[in-house]
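Below is one structure, written out as structure tokens; the observations come after it.
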Amino acid sequence: MAEFGGNKGGVGPPVAGRKAASGVAGVSPEARRGEPVSNGNCGVSDTVKRVQNESGCESPTWESAGSGPPSRAIPRRSSLIKDGSRAGRVRKKTVSFSSSLSEKKISSAADCIHSMVEGIELKKIRTNSRVYQRYYLLDAGLQALCWEPSKKESDKARISLASIREVRTGRNTETFRTSGVYEQISGDCAFSIVYGEMYESLDLVANSAEVANIWVTGLRYLMQYGKHALDMLSSSQDSLRLGWLEQMFLSAADSDGQDDAEEGIRLQLAVKLIQSVNPGVGARKVEHRFKELQRVREKMCGLTLDNEPGVKDHVESKRLVGRNERVTRQQFIEVFHDFCTRPEIYFLLVQFSSNKEFLDTQDLMRFLEAEQGMTQVSEEASLKLIRSQEPSEEGQQEGYLSLDGFTSYLTSAECHLFDTEHHAVCQDMSQPLSHYYISSSHNTYLIEDQVRGPSDISGYIRALKMGCRCVEVDVWDGPDEEPVVCTGHSLSPPLALRCVLEAIGRFAFVASPYPLIICLENHCSLRQQKVTCQHLVRILGEKLYSDPPREGESYLPSPHALRHRILLKGQMLGPPGPGGDEGEVSEEDEGAEVGQRVKAGNSGVAAPEANEKDAAPKGASVAPSDPPHVLPKRFQLLKELSDLVALCSSVRFVDFPTSSKSQNPWELCSFHESLAVRLAGESPGDFVNHNKHFLSRVYPSPGRIDSSNMNPQDLWKCGCQIVSMNFQTAGLMMDLNTAWFRQNGNCGYVLRPAIMRQEVSYFSADTRDTVPGVSPQLLHVKVISGQNLPKPRGSGTKGDVVDPYVYVEIHGIPADCTERRTRTVTHNGDNPVFDESFEFQINLPELVMVRFVVLDDDFIGDEFIGQYTIPLECLQPGYRHVPLQSLTGEELPHAKLFVHVALTNRRGGGKPHKRGLSVRKARKGRDYTALRDSGVRAVDEVFKMAAPPLREATDLRGNMQNAVAVFKELCGVSAVANLMQCVLALGSRVSGPDEAPLLLFNLLDLYPALEPQGALPDVLRRVVSNYEMMVQASRAVMELSDGIHDRILQIQSRAMEFHEKLPSLAAKEGLRGRKVSRALESFSWNITILKGQADLLKHAKAEVQENMKQVHDAALTGNLTKASVGVKRVRSQTRRILED
């Protein structure tokens, strides 16, 4: 079924506008119905014509939409994004409701009201799930909203603007929630008009989010200013912007030596002024727009001069020719408006500006706290921000943030999607080395492929500057008794070991102070091993860590303890024997497998399997076929070199039971990719447990001769710390690796999720369901618009026009991996507006990355425009700009996405469980986490004691979160909203007949009380009743959670007493073989559940504290408080108690 009110991306929707093989656009009529809306504009004068002229302006009916078999998408042809999971996927048919490019952008309430007077078709949703297409417009007197055709009499098919109590955005009324078409309605296109004494609602859906924004903005202005809204707006409209632009123009005229500003300024100077505000716009585009205006003016003047005498004709023509390279003030303002106005930001501004054309300090405080997640924002801080971002002198003096100042703020570094706290090291660096992921490079000396490509010192320098903490050095005998670094079975030229070590010593700690691991693969004779040892000691000196490991230690030292030290990973000799200075060990030769492939017939060309380098579906990369079995050779190892290896001794992996019994913490196993992926599939739990104590290194399959990369998350989810990547090869996999290590100051170390570090815990790397002890979260992403999107670098098309669309990808454990895409906006790379929202359930947030990929739908040769990848932990909530990066990781100049991001708990509302039922009516029976029987009677008796407190804990959290969700519903906000937004929304509808508020908050108690100030209508009585239920549930969490928390931890402690002797107890119970393993697994599961539920209780208590703070601050911000002594905004009595 087609999406209603816009194209809401689904999993694998169609790539609209894809060219057929013949080069003719093979696009359905629905997919390219008219041209797209640019910058969210809806023409003031063209609105009616556009709706009437579009042959299919009516969306498909519910019965017929989406009928017919879905079309199969043409496989993607990009050489840059090699994720073959999208190729050949069945995709939903979507319909584009985009409109043609209008001449004037919406940037004021007056524009919105003019558009509403002309009217447009909207869809009306009824409680019986019926949908009616009607033509809605404002009457000429701006006093009523009318619609036609209608069975009602004309005087009844109208709503007086004076009776409107609230204009609500999204699908946030009971009518929407109980509608059978809820899932097909785009929340960005839906809005409701609440009116009358009975709080009835008119629920409407526009054909685009831009149209919905126009109607919401216009109606809110009319509610406040009535029929005089246009008069009021005309007297004050854009005064800040116009004053600033006129001052800018006059200053430019003065600097240009122009005595009379009316004569205009030079064209090139005008272009530079536009670019100073919007540096992403091309000079040719601006110049072309100015000349377009001049041609129109010449034509108009020509028509006028045709009626004048011949002499005057000649004089005027000369004057016109002399001025055609100059720009008048009016032309400058008009072109500035075209290139520097972003309607999507204007609509956001008026949402918080209390129906003004600017934000004052109070408005900005409300925006920063309610949307951007900032806390305790003072008026002084708001004023400081305004003065730093507002371009007009008047705005700076008055404390007003205009549209241009607001745009400047939203595009500044402060509104970057990446949380600046993560630019520095922000994680605990005192845990054992095995508890961290470590950035690692494979065959660091190679800068192209693995067989014939060149070797270069720059490979080490580049990797170390990127924060890499594990580099590879393959040492072979070289000429003149000088060891060399190379892949011994390839044609790549060698490097002198001495030069490699000098580069490493110089750049080892440029990007990070934490330990650097050198993987030394030794193939040298004893004589050249001695030279190698001398070079290591002489060049690396005191940085080289060679203290012998301490016997009896269970874990390795921490990165903090090993700062500025270099660890050597290599072979170690066993206990001293009769040989004295040397001994025999098994040779490590990862390159031998590559050599066998080359000799087998590949002749230096990438193996066929390797061409599928990044083509695995997310969540499971498919390595090239298993390498041929290579028996390890024996060789003589010099004791001096062996003694330099301290904490990273290489040992051969046999199996997990063997490692568990005999492997020491300082011993490290290396796995080739195919083996590691197989182990991850066959024994995911064992692999995770192995990596709790020991370091594991994974290197690419020998089949990746072209230096392609594996998916590092396939191994990170198993806890593998060192996943070696070919840093020289750009693409999806390297994007993931680079972004992942950016979250901890790019220091090369990232702390693994807690569930992978705890001594006793249950986690399976291949889980496709919720993780025990971890509460799932919902990630809400709205892709609003793009800016300055360039043409793909490898595109074969002429011109700069692109048809962009956006993929939002989630990378993590298999249960989290998914992707969604927006519709295509045709012929607009300057400021395409997508306005589409997506929701993702996140089961293990600590291991999730979000990737935005922008592609060109109308491409020849290459579709990749840009991407940005970010760990979930680094996301900042609210309205953010995403700087796009090229394939090789460089930031694309001025190319950005504008998005809104929110993260909520899974119970915070959201979609109904069943079509046609609201969240409350469809609430399922509560799920209680079950403990498992271990088969050991004494242990199971202890765990049975945990059932009552676990049930109480679940009820306590569930009651509180459900009460919050219901309160949000009644306040008319979405599940994405926080309680501050909820209370502010409530404030817009609690005014009585005399404008006095019917509800006020009493803030003197720890829990703010919502008190009626007179007789209440039924809808507000329900709000008060549910608010009291929410407070009661919150109070219960605060008062009871500590006791339940302690009971759970006591039971966990009693159970842990059985941990060491569990195998012997199982044997006494008669358990053997697999049953013993199952008993240990059940024990770990139960301990994980107990700890997880205890942690969730702590989080619930913190959530209640945050909720009460938000209610308190929102009541003050929205002037919904009773006049009380001692109530202050920043350090209130409530806040002091909560913070204490």
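Chain lettering (A, B, ...) mirrors the order of the structure tokens, residue numbering begins at 1 for each chain separately, and ligand numbering begins at 1 in order of display.
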Would you kindly return, as an MDAnalysis selection string, each protein, DNA or RNA residue with an atom no farther than 7 Å from any atom of stretch 212-216 of chain A, considering only C-alpha atoms and excluding same-chain residues fewer than 2 positions away?
-> chainID A and resid 112 116 167 189:191 206 208:210 218:220 347
Could you pull the residues within 6 Å of A:His564, counting only C-alpha atoms, minus those fewer than 5 positions along the same chain, as a ChimeraX atom specification?
-> /A:513-515
May I have the residues from that selection written out with N, CA and C atoms, as a PDB file, in the first residue's frame?
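Wrote it out as out-v4.pdb, contents follow:
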```pdb
ATOM      1  N   PRO A 513      48.525   8.700  23.288  1.00  0.00           N
ATOM      2  CA  PRO A 513      49.585   8.332  24.244  1.00  0.00           C
ATOM      3  C   PRO A 513      49.541   6.869  24.667  1.00  0.00           C
ATOM      4  N   TYR A 514      48.537   6.143  24.212  1.00  0.00           N
ATOM      5  CA  TYR A 514      48.321   4.781  24.709  1.00  0.00           C
ATOM      6  C   TYR A 514      49.169   3.777  23.937  1.00  0.00           C
ATOM      7  N   PRO A 515      49.375   2.596  24.504  1.00  0.00           N
ATOM      8  CA  PRO A 515      50.390   1.675  23.983  1.00  0.00           C
ATOM      9  C   PRO A 515      50.197   1.308  22.515  1.00  0.00           C
TER      10      PRO A 515
END
```
Nearest residue to A:Phe727 from the set A:Gln885, A:Gln876, A:Ser441, A:Thr770 (distances using only C-alpha atoms) |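 Residue with the minimum atom-to-atom distance to A:Phe727: A:Ser441.
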Contacts of stretch 1050-1052 of chain A at 9 Å (only C-alpha atoms; same-chain gap of 6+ positions) as an NGL selection string | :A and (942-943 or 945-946 or 1086-1087 or 1090-1091)
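Between atom CA of A:Ala996 and atom CA of A:Val350 the separation is 23.6 Å.
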Would you list the contacts of A:Ala109 as a list in words, taking every protein, DNA or RNA residue within 9 Å and counting only C-alpha atoms, but skipping same-chain residues closer than 2 positions in sequence?
->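 These residues fall inside the cut-off: Ile106, Ser107, Asp111, Cys112, Ile113, His114, Ile214, Thr217, Gly218, Tyr221, Ala229, Leu230, Leu233, Gln237, Val350, Asn355, Lys356 and Glu357 of chain A.
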Residues from the last selection, all heavy atoms, saved as a compact mmCIF listing (two decimals), in the first residue's frame:
```txt
# COMPACT_ATOMS: atom_id res chain seq x y z
N ILE A 106 8.89 30.11 1.00
CA ILE A 106 8.16 30.48 2.20
C ILE A 106 9.16 30.88 3.28
O ILE A 106 10.01 30.08 3.67
CB ILE A 106 7.31 29.29 2.69
CG1 ILE A 106 6.25 28.95 1.66
CG2 ILE A 106 6.68 29.61 4.04
CD1 ILE A 106 5.17 29.97 1.51
N SER A 107 9.08 32.12 3.73
CA SER A 107 10.00 32.56 4.79
C SER A 107 9.30 33.51 5.76
O SER A 107 9.97 34.19 6.52
CB SER A 107 11.22 33.25 4.19
OG SER A 107 10.83 34.43 3.51
N ASP A 111 3.49 34.74 3.97
CA ASP A 111 3.52 33.81 2.84
C ASP A 111 2.59 32.63 3.10
O ASP A 111 1.87 32.17 2.22
CB ASP A 111 4.95 33.29 2.61
CG ASP A 111 5.90 34.38 2.17
OD1 ASP A 111 5.42 35.45 1.73
OD2 ASP A 111 7.12 34.16 2.26
N CYS A 112 2.63 32.12 4.32
CA CYS A 112 1.80 30.97 4.68
C CYS A 112 0.31 31.33 4.57
O CYS A 112 -0.49 30.57 4.01
CB CYS A 112 2.11 30.50 6.10
SG CYS A 112 3.80 29.89 6.33
N ILE A 113 -0.07 32.49 5.09
CA ILE A 113 -1.48 32.88 5.10
C ILE A 113 -1.98 33.11 3.68
O ILE A 113 -3.09 32.70 3.32
CB ILE A 113 -1.68 34.14 5.98
CG1 ILE A 113 -1.41 33.77 7.45
CG2 ILE A 113 -3.09 34.70 5.82
CD1 ILE A 113 -1.35 34.95 8.38
N HIS A 114 -1.16 33.76 2.83
CA HIS A 114 -1.56 33.95 1.44
C HIS A 114 -1.79 32.61 0.75
O HIS A 114 -2.75 32.44 -0.01
CB HIS A 114 -0.48 34.73 0.69
CG HIS A 114 -0.48 36.20 0.98
ND1 HIS A 114 -1.59 36.99 0.81
CD2 HIS A 114 0.51 37.01 1.44
CE1 HIS A 114 -1.29 38.24 1.16
NE2 HIS A 114 -0.02 38.28 1.54
N ILE A 214 3.14 24.85 6.36
CA ILE A 214 2.51 26.11 5.98
C ILE A 214 1.20 26.30 6.74
O ILE A 214 0.93 27.37 7.31
CB ILE A 214 2.27 26.15 4.46
CG1 ILE A 214 3.60 26.35 3.73
CG2 ILE A 214 1.29 27.26 4.07
CD1 ILE A 214 3.50 26.20 2.22
N THR A 217 1.78 26.74 10.62
CA THR A 217 2.33 28.07 10.92
C THR A 217 1.28 29.15 10.74
O THR A 217 1.09 30.01 11.61
CB THR A 217 3.54 28.35 10.01
OG1 THR A 217 4.53 27.33 10.22
CG2 THR A 217 4.14 29.71 10.31
N GLY A 218 0.57 29.12 9.61
CA GLY A 218 -0.44 30.13 9.34
C GLY A 218 -1.56 30.13 10.36
O GLY A 218 -1.99 31.18 10.84
N TYR A 221 -0.48 31.63 13.75
CA TYR A 221 -0.44 33.10 13.70
C TYR A 221 -1.84 33.69 13.77
O TYR A 221 -2.09 34.66 14.48
CB TYR A 221 0.28 33.57 12.44
CG TYR A 221 1.75 33.81 12.64
CD1 TYR A 221 2.65 32.75 12.63
CD2 TYR A 221 2.25 35.08 12.84
CE1 TYR A 221 4.00 32.95 12.82
CE2 TYR A 221 3.61 35.30 13.03
CZ TYR A 221 4.48 34.24 13.02
OH TYR A 221 5.82 34.45 13.22
N ALA A 229 -3.83 39.74 11.39
CA ALA A 229 -2.49 39.13 11.34
C ALA A 229 -1.66 39.70 10.21
O ALA A 229 -0.49 40.04 10.38
CB ALA A 229 -2.62 37.61 11.20
N LEU A 230 -2.27 39.83 9.01
CA LEU A 230 -1.49 40.32 7.86
C LEU A 230 -1.05 41.76 8.06
O LEU A 230 0.06 42.13 7.68
CB LEU A 230 -2.31 40.17 6.58
CG LEU A 230 -2.45 38.75 6.03
CD1 LEU A 230 -3.33 38.74 4.79
CD2 LEU A 230 -1.09 38.16 5.70
N LEU A 233 1.81 41.66 10.45
CA LEU A 233 3.01 41.10 9.83
C LEU A 233 3.63 42.06 8.83
O LEU A 233 4.85 42.18 8.72
CB LEU A 233 2.67 39.77 9.16
CG LEU A 233 2.37 38.60 10.11
CD1 LEU A 233 1.77 37.44 9.35
CD2 LEU A 233 3.64 38.15 10.82
N GLN A 237 7.31 42.64 9.35
CA GLN A 237 7.87 41.46 8.69
C GLN A 237 9.32 41.68 8.26
O GLN A 237 9.65 42.66 7.62
CB GLN A 237 7.01 41.12 7.46
CG GLN A 237 7.56 39.97 6.63
CD GLN A 237 6.67 39.69 5.43
OE1 GLN A 237 5.50 40.02 5.44
NE2 GLN A 237 7.23 39.11 4.40
N VAL A 350 9.57 29.44 13.87
CA VAL A 350 8.26 29.92 14.32
C VAL A 350 7.61 28.94 15.28
O VAL A 350 6.73 29.32 16.05
CB VAL A 350 7.33 30.21 13.13
CG1 VAL A 350 7.89 31.32 12.26
CG2 VAL A 350 7.09 28.95 12.29
N ASN A 355 5.05 32.72 17.84
CA ASN A 355 4.43 33.40 16.69
C ASN A 355 5.05 34.78 16.43
O ASN A 355 4.36 35.75 16.15
CB ASN A 355 2.92 33.51 16.88
CG ASN A 355 2.26 32.15 16.99
OD1 ASN A 355 2.66 31.21 16.30
ND2 ASN A 355 1.28 32.02 17.86
N LYS A 356 6.37 34.83 16.51
CA LYS A 356 7.12 36.02 16.09
C LYS A 356 8.03 35.60 14.95
O LYS A 356 8.20 34.42 14.66
CB LYS A 356 7.95 36.59 17.25
CG LYS A 356 7.14 36.94 18.49
CD LYS A 356 8.01 37.61 19.55
CE LYS A 356 9.11 36.71 20.07
NZ LYS A 356 8.65 35.56 20.84
N GLU A 357 8.66 36.59 14.32
CA GLU A 357 9.58 36.30 13.22
C GLU A 357 11.02 36.18 13.71
O GLU A 357 11.95 36.22 12.91
CB GLU A 357 9.47 37.39 12.14
CG GLU A 357 8.09 37.49 11.50
CD GLU A 357 7.73 36.23 10.70
OE1 GLU A 357 8.38 35.97 9.68
OE2 GLU A 357 6.80 35.51 11.11
```
So which residues touch A:Leu245 within 9 Å, counting only C-alpha atoms, skipping near sequence neighbours fewer than 5 positions away, as a list in words?
->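 After dropping sequence-adjacent residues, the list is Leu240, Leu250, Arg329, Phe332, Ile333, Phe336 and Ser392 of chain A.
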Mind dumping the selected residues with N, CA, C and O atoms as an mmCIF file, in the first residue's frame?
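Writing done, so here's out.cif:
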```
data_model
loop_
_atom_site.group_PDB
_atom_site.id
_atom_site.type_symbol
_atom_site.label_atom_id
_atom_site.label_comp_id
_atom_site.auth_asym_id
_atom_site.auth_seq_id
_atom_site.Cartn_x
_atom_site.Cartn_y
_atom_site.Cartn_z
ATOM 1 N N LEU A 240 14.382 42.732 10.886
ATOM 2 C CA LEU A 240 15.776 42.456 11.220
ATOM 3 C C LEU A 240 16.580 42.121 9.972
ATOM 4 O O LEU A 240 17.666 42.665 9.753
ATOM 5 N N LEU A 250 24.682 48.884 1.562
ATOM 6 C CA LEU A 250 25.256 50.235 1.599
ATOM 7 C C LEU A 250 26.753 50.182 1.887
ATOM 8 O O LEU A 250 27.537 50.934 1.292
ATOM 9 N N ARG A 329 19.631 47.369 -5.169
ATOM 10 C CA ARG A 329 19.335 46.911 -3.820
ATOM 11 C C ARG A 329 18.216 45.874 -3.839
ATOM 12 O O ARG A 329 18.314 44.834 -3.181
ATOM 13 N N PHE A 332 19.434 42.578 -5.205
ATOM 14 C CA PHE A 332 20.294 41.910 -4.241
ATOM 15 C C PHE A 332 19.468 41.207 -3.157
ATOM 16 O O PHE A 332 19.711 40.048 -2.816
ATOM 17 N N ILE A 333 18.466 41.911 -2.633
ATOM 18 C CA ILE A 333 17.625 41.337 -1.582
ATOM 19 C C ILE A 333 16.863 40.133 -2.105
ATOM 20 O O ILE A 333 16.735 39.108 -1.418
ATOM 21 N N PHE A 336 19.343 37.258 -2.585
ATOM 22 C CA PHE A 336 19.734 36.783 -1.258
ATOM 23 C C PHE A 336 18.640 35.896 -0.677
ATOM 24 O O PHE A 336 18.921 34.833 -0.107
ATOM 25 N N SER A 392 22.578 40.928 12.470
ATOM 26 C CA SER A 392 22.101 42.316 12.480
ATOM 27 C C SER A 392 22.436 42.997 13.797
ATOM 28 O O SER A 392 22.346 42.386 14.868
#
```
For stretch 520-529 of chain A, please output as a ChimeraX atom specification all residues within 9 Å (counting only C-alpha atoms; exclusion window: fewer than 6 positions along the same chain).
-> /A:471-478,481-483,488,568-571,582,587-590,635-638,640-641
Among the residues of stretch 926-1062 of chain A, find those DSSP assigns to alpha helix (DSSP H) from the backbone and print them as a PyMOL selection string.
-> chain A and resi 937-944+947-971+979-987+1018-1056+1062
Let's have the selection written as a PDB file, in the first residue's frame, with C-alpha atoms.
```pdb
ATOM      1  CA  ARG A 937      19.322 -28.067  42.743  1.00  0.00           C
ATOM      2  CA  ALA A 938      21.152 -25.844  45.250  1.00  0.00           C
ATOM      3  CA  VAL A 939      21.813 -23.181  42.625  1.00  0.00           C
ATOM      4  CA  ASP A 940      18.273 -23.223  41.260  1.00  0.00           C
ATOM      5  CA  GLU A 941      16.849 -22.761  44.776  1.00  0.00           C
ATOM      6  CA  VAL A 942      18.785 -19.518  45.117  1.00  0.00           C
ATOM      7  CA  PHE A 943      17.660 -18.239  41.733  1.00  0.00           C
ATOM      8  CA  LYS A 944      14.000 -19.034  42.525  1.00  0.00           C
ATOM      9  CA  ALA A 947      11.465 -14.253  40.931  1.00  0.00           C
ATOM     10  CA  PRO A 948       9.388 -11.939  43.221  1.00  0.00           C
ATOM     11  CA  PRO A 949      11.838  -8.982  43.264  1.00  0.00           C
ATOM     12  CA  LEU A 950      12.380  -9.293  39.496  1.00  0.00           C
ATOM     13  CA  ARG A 951       8.628  -9.139  38.945  1.00  0.00           C
ATOM     14  CA  GLU A 952       8.343  -6.143  41.277  1.00  0.00           C
ATOM     15  CA  ALA A 953      11.187  -4.383  39.467  1.00  0.00           C
ATOM     16  CA  THR A 954       9.579  -4.927  36.071  1.00  0.00           C
ATOM     17  CA  ASP A 955       6.199  -3.672  37.332  1.00  0.00           C
ATOM     18  CA  LEU A 956       7.762  -0.633  38.959  1.00  0.00           C
ATOM     19  CA  ARG A 957       9.543   0.436  35.762  1.00  0.00           C
ATOM     20  CA  GLY A 958       6.676  -0.541  33.480  1.00  0.00           C
ATOM     21  CA  ASN A 959       4.028   1.350  35.446  1.00  0.00           C
ATOM     22  CA  MET A 960       6.114   4.509  35.438  1.00  0.00           C
ATOM     23  CA  GLN A 961       6.989   4.360  31.741  1.00  0.00           C
ATOM     24  CA  ASN A 962       3.431   3.503  30.706  1.00  0.00           C
ATOM     25  CA  ALA A 963       2.066   6.409  32.775  1.00  0.00           C
ATOM     26  CA  VAL A 964       4.506   8.764  31.035  1.00  0.00           C
ATOM     27  CA  ALA A 965       3.437   7.408  27.620  1.00  0.00           C
ATOM     28  CA  VAL A 966      -0.260   7.956  28.387  1.00  0.00           C
ATOM     29  CA  PHE A 967       0.395  11.485  29.660  1.00  0.00           C
ATOM     30  CA  LYS A 968       2.239  12.271  26.427  1.00  0.00           C
ATOM     31  CA  GLU A 969      -0.725  11.016  24.422  1.00  0.00           C
ATOM     32  CA  LEU A 970      -3.139  13.244  26.305  1.00  0.00           C
ATOM     33  CA  CYS A 971      -0.843  16.238  25.863  1.00  0.00           C
ATOM     34  CA  LEU A 979       8.290  15.792  29.301  1.00  0.00           C
ATOM     35  CA  MET A 980       9.508  19.348  28.882  1.00  0.00           C
ATOM     36  CA  GLN A 981       8.021  19.436  25.383  1.00  0.00           C
ATOM     37  CA  CYS A 982       4.938  17.732  26.779  1.00  0.00           C
ATOM     38  CA  VAL A 983       4.269  20.412  29.414  1.00  0.00           C
ATOM     39  CA  LEU A 984       5.009  23.244  26.971  1.00  0.00           C
ATOM     40  CA  ALA A 985       2.492  21.755  24.543  1.00  0.00           C
ATOM     41  CA  LEU A 986      -0.055  21.501  27.353  1.00  0.00           C
ATOM     42  CA  GLY A 987       0.446  25.183  28.116  1.00  0.00           C
ATOM     43  CA  ASP A1018     -13.431  16.686  30.381  1.00  0.00           C
ATOM     44  CA  VAL A1019     -10.246  16.541  28.314  1.00  0.00           C
ATOM     45  CA  LEU A1020      -8.303  18.569  30.883  1.00  0.00           C
ATOM     46  CA  ARG A1021      -9.710  16.520  33.755  1.00  0.00           C
ATOM     47  CA  ARG A1022      -8.250  13.458  32.078  1.00  0.00           C
ATOM     48  CA  VAL A1023      -4.909  15.228  31.778  1.00  0.00           C
ATOM     49  CA  VAL A1024      -4.883  16.051  35.508  1.00  0.00           C
ATOM     50  CA  SER A1025      -5.937  12.518  36.451  1.00  0.00           C
ATOM     51  CA  ASN A1026      -3.225  10.896  34.335  1.00  0.00           C
ATOM     52  CA  TYR A1027      -0.601  13.350  35.537  1.00  0.00           C
ATOM     53  CA  GLU A1028      -1.399  12.312  39.111  1.00  0.00           C
ATOM     54  CA  MET A1029      -1.056   8.641  38.084  1.00  0.00           C
ATOM     55  CA  MET A1030       2.327   9.445  36.530  1.00  0.00           C
ATOM     56  CA  VAL A1031       3.471  11.175  39.738  1.00  0.00           C
ATOM     57  CA  GLN A1032       2.296   8.231  41.852  1.00  0.00           C
ATOM     58  CA  ALA A1033       4.166   5.765  39.641  1.00  0.00           C
ATOM     59  CA  SER A1034       7.251   7.992  39.742  1.00  0.00           C
ATOM     60  CA  ARG A1035       7.046   8.305  43.520  1.00  0.00           C
ATOM     61  CA  ALA A1036       6.842   4.511  43.799  1.00  0.00           C
ATOM     62  CA  VAL A1037      10.052   4.146  41.770  1.00  0.00           C
ATOM     63  CA  MET A1038      11.888   6.634  43.980  1.00  0.00           C
ATOM     64  CA  GLU A1039      10.685   5.087  47.238  1.00  0.00           C
ATOM     65  CA  LEU A1040      10.811   1.352  46.458  1.00  0.00           C
ATOM     66  CA  SER A1041      13.566   0.881  43.897  1.00  0.00           C
ATOM     67  CA  ASP A1042      16.494   0.931  46.334  1.00  0.00           C
ATOM     68  CA  GLY A1043      15.052  -1.886  48.439  1.00  0.00           C
ATOM     69  CA  ILE A1044      14.274  -4.069  45.427  1.00  0.00           C
ATOM     70  CA  HIS A1045      17.690  -3.270  43.957  1.00  0.00           C
ATOM     71  CA  ASP A1046      19.457  -4.440  47.132  1.00  0.00           C
ATOM     72  CA  ARG A1047      17.406  -7.663  47.298  1.00  0.00           C
ATOM     73  CA  ILE A1048      18.332  -8.532  43.713  1.00  0.00           C
ATOM     74  CA  LEU A1049      22.042  -7.880  44.306  1.00  0.00           C
ATOM     75  CA  GLN A1050      21.996  -9.965  47.501  1.00  0.00           C
ATOM     76  CA  ILE A1051      20.582 -12.923  45.577  1.00  0.00           C
ATOM     77  CA  GLN A1052      23.181 -12.370  42.867  1.00  0.00           C
ATOM     78  CA  SER A1053      25.962 -12.413  45.488  1.00  0.00           C
ATOM     79  CA  ARG A1054      24.626 -15.654  47.009  1.00  0.00           C
ATOM     80  CA  ALA A1055      24.476 -17.255  43.565  1.00  0.00           C
ATOM     81  CA  MET A1056      28.037 -16.173  42.748  1.00  0.00           C
ATOM     82  CA  LEU A1062      29.578 -25.230  39.765  1.00  0.00           C
TER      83      LEU A1062
END
```
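As for atom CA of A:His423 and atom CA of A:Arg742, they are spaced 7.4 Å apart.
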Can you work out which one of A:Ser775, A:Ser492, A:Leu887, A:Ser1084 has the shortest atom-to-atom distance to A:Ala1100, counting only C-alpha atoms?
-> A:Ser775
Might you pull out every residue within 8 Å of A:Val802, with only C-alpha atoms counted and same-chain residues fewer than 5 positions away left off, and present them as an mmCIF file with N, CA and C atoms, in the first residue's frame?
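Written out: result-v7.cif:
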```cif
data_model
loop_
_atom_site.group_PDB
_atom_site.id
_atom_site.type_symbol
_atom_site.label_atom_id
_atom_site.label_comp_id
_atom_site.auth_asym_id
_atom_site.auth_seq_id
_atom_site.Cartn_x
_atom_site.Cartn_y
_atom_site.Cartn_z
ATOM 1 N N LEU A 789 24.844 19.472 -2.139
ATOM 2 C CA LEU A 789 25.260 18.108 -2.467
ATOM 3 C C LEU A 789 25.932 18.103 -3.834
ATOM 4 N N PRO A 790 27.188 17.685 -3.908
ATOM 5 C CA PRO A 790 27.892 17.711 -5.184
ATOM 6 C C PRO A 790 27.515 16.540 -6.075
ATOM 7 N N LYS A 791 27.867 16.640 -7.322
ATOM 8 C CA LYS A 791 27.697 15.525 -8.247
ATOM 9 C C LYS A 791 28.709 14.437 -7.894
ATOM 10 N N THR A 826 14.206 15.164 -7.122
ATOM 11 C CA THR A 826 14.814 15.280 -8.443
ATOM 12 C C THR A 826 15.325 16.686 -8.712
ATOM 13 N N HIS A 827 16.441 16.741 -9.426
ATOM 14 C CA HIS A 827 17.024 17.987 -9.948
ATOM 15 C C HIS A 827 17.267 19.013 -8.849
ATOM 16 N N ASN A 828 17.789 18.593 -7.717
ATOM 17 C CA ASN A 828 18.049 19.557 -6.654
ATOM 18 C C ASN A 828 19.130 19.024 -5.726
ATOM 19 N N GLY A 829 20.327 19.545 -5.882
ATOM 20 C CA GLY A 829 21.400 19.223 -4.960
ATOM 21 C C GLY A 829 21.704 20.371 -4.026
ATOM 22 N N ASP A 856 22.984 9.335 -5.663
ATOM 23 C CA ASP A 856 22.332 10.004 -6.792
ATOM 24 C C ASP A 856 21.484 8.980 -7.532
ATOM 25 N N ASP A 857 20.196 9.269 -7.651
ATOM 26 C CA ASP A 857 19.268 8.330 -8.285
ATOM 27 C C ASP A 857 19.362 8.363 -9.804
ATOM 28 N N ASP A 858 19.936 9.408 -10.353
ATOM 29 C CA ASP A 858 19.994 9.574 -11.811
ATOM 30 C C ASP A 858 21.459 9.597 -12.230
ATOM 31 N N PHE A 859 22.127 8.454 -12.030
ATOM 32 C CA PHE A 859 23.576 8.443 -12.186
ATOM 33 C C PHE A 859 24.007 7.694 -13.438
#
```
Of the listed residues A:Gln389, A:Asn726, A:Ser490, A:Ser412, that which approaches A:Arg462 most closely, counting only C-alpha atoms =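 For A:Arg462, the nearest of the given residues is A:Asn726.
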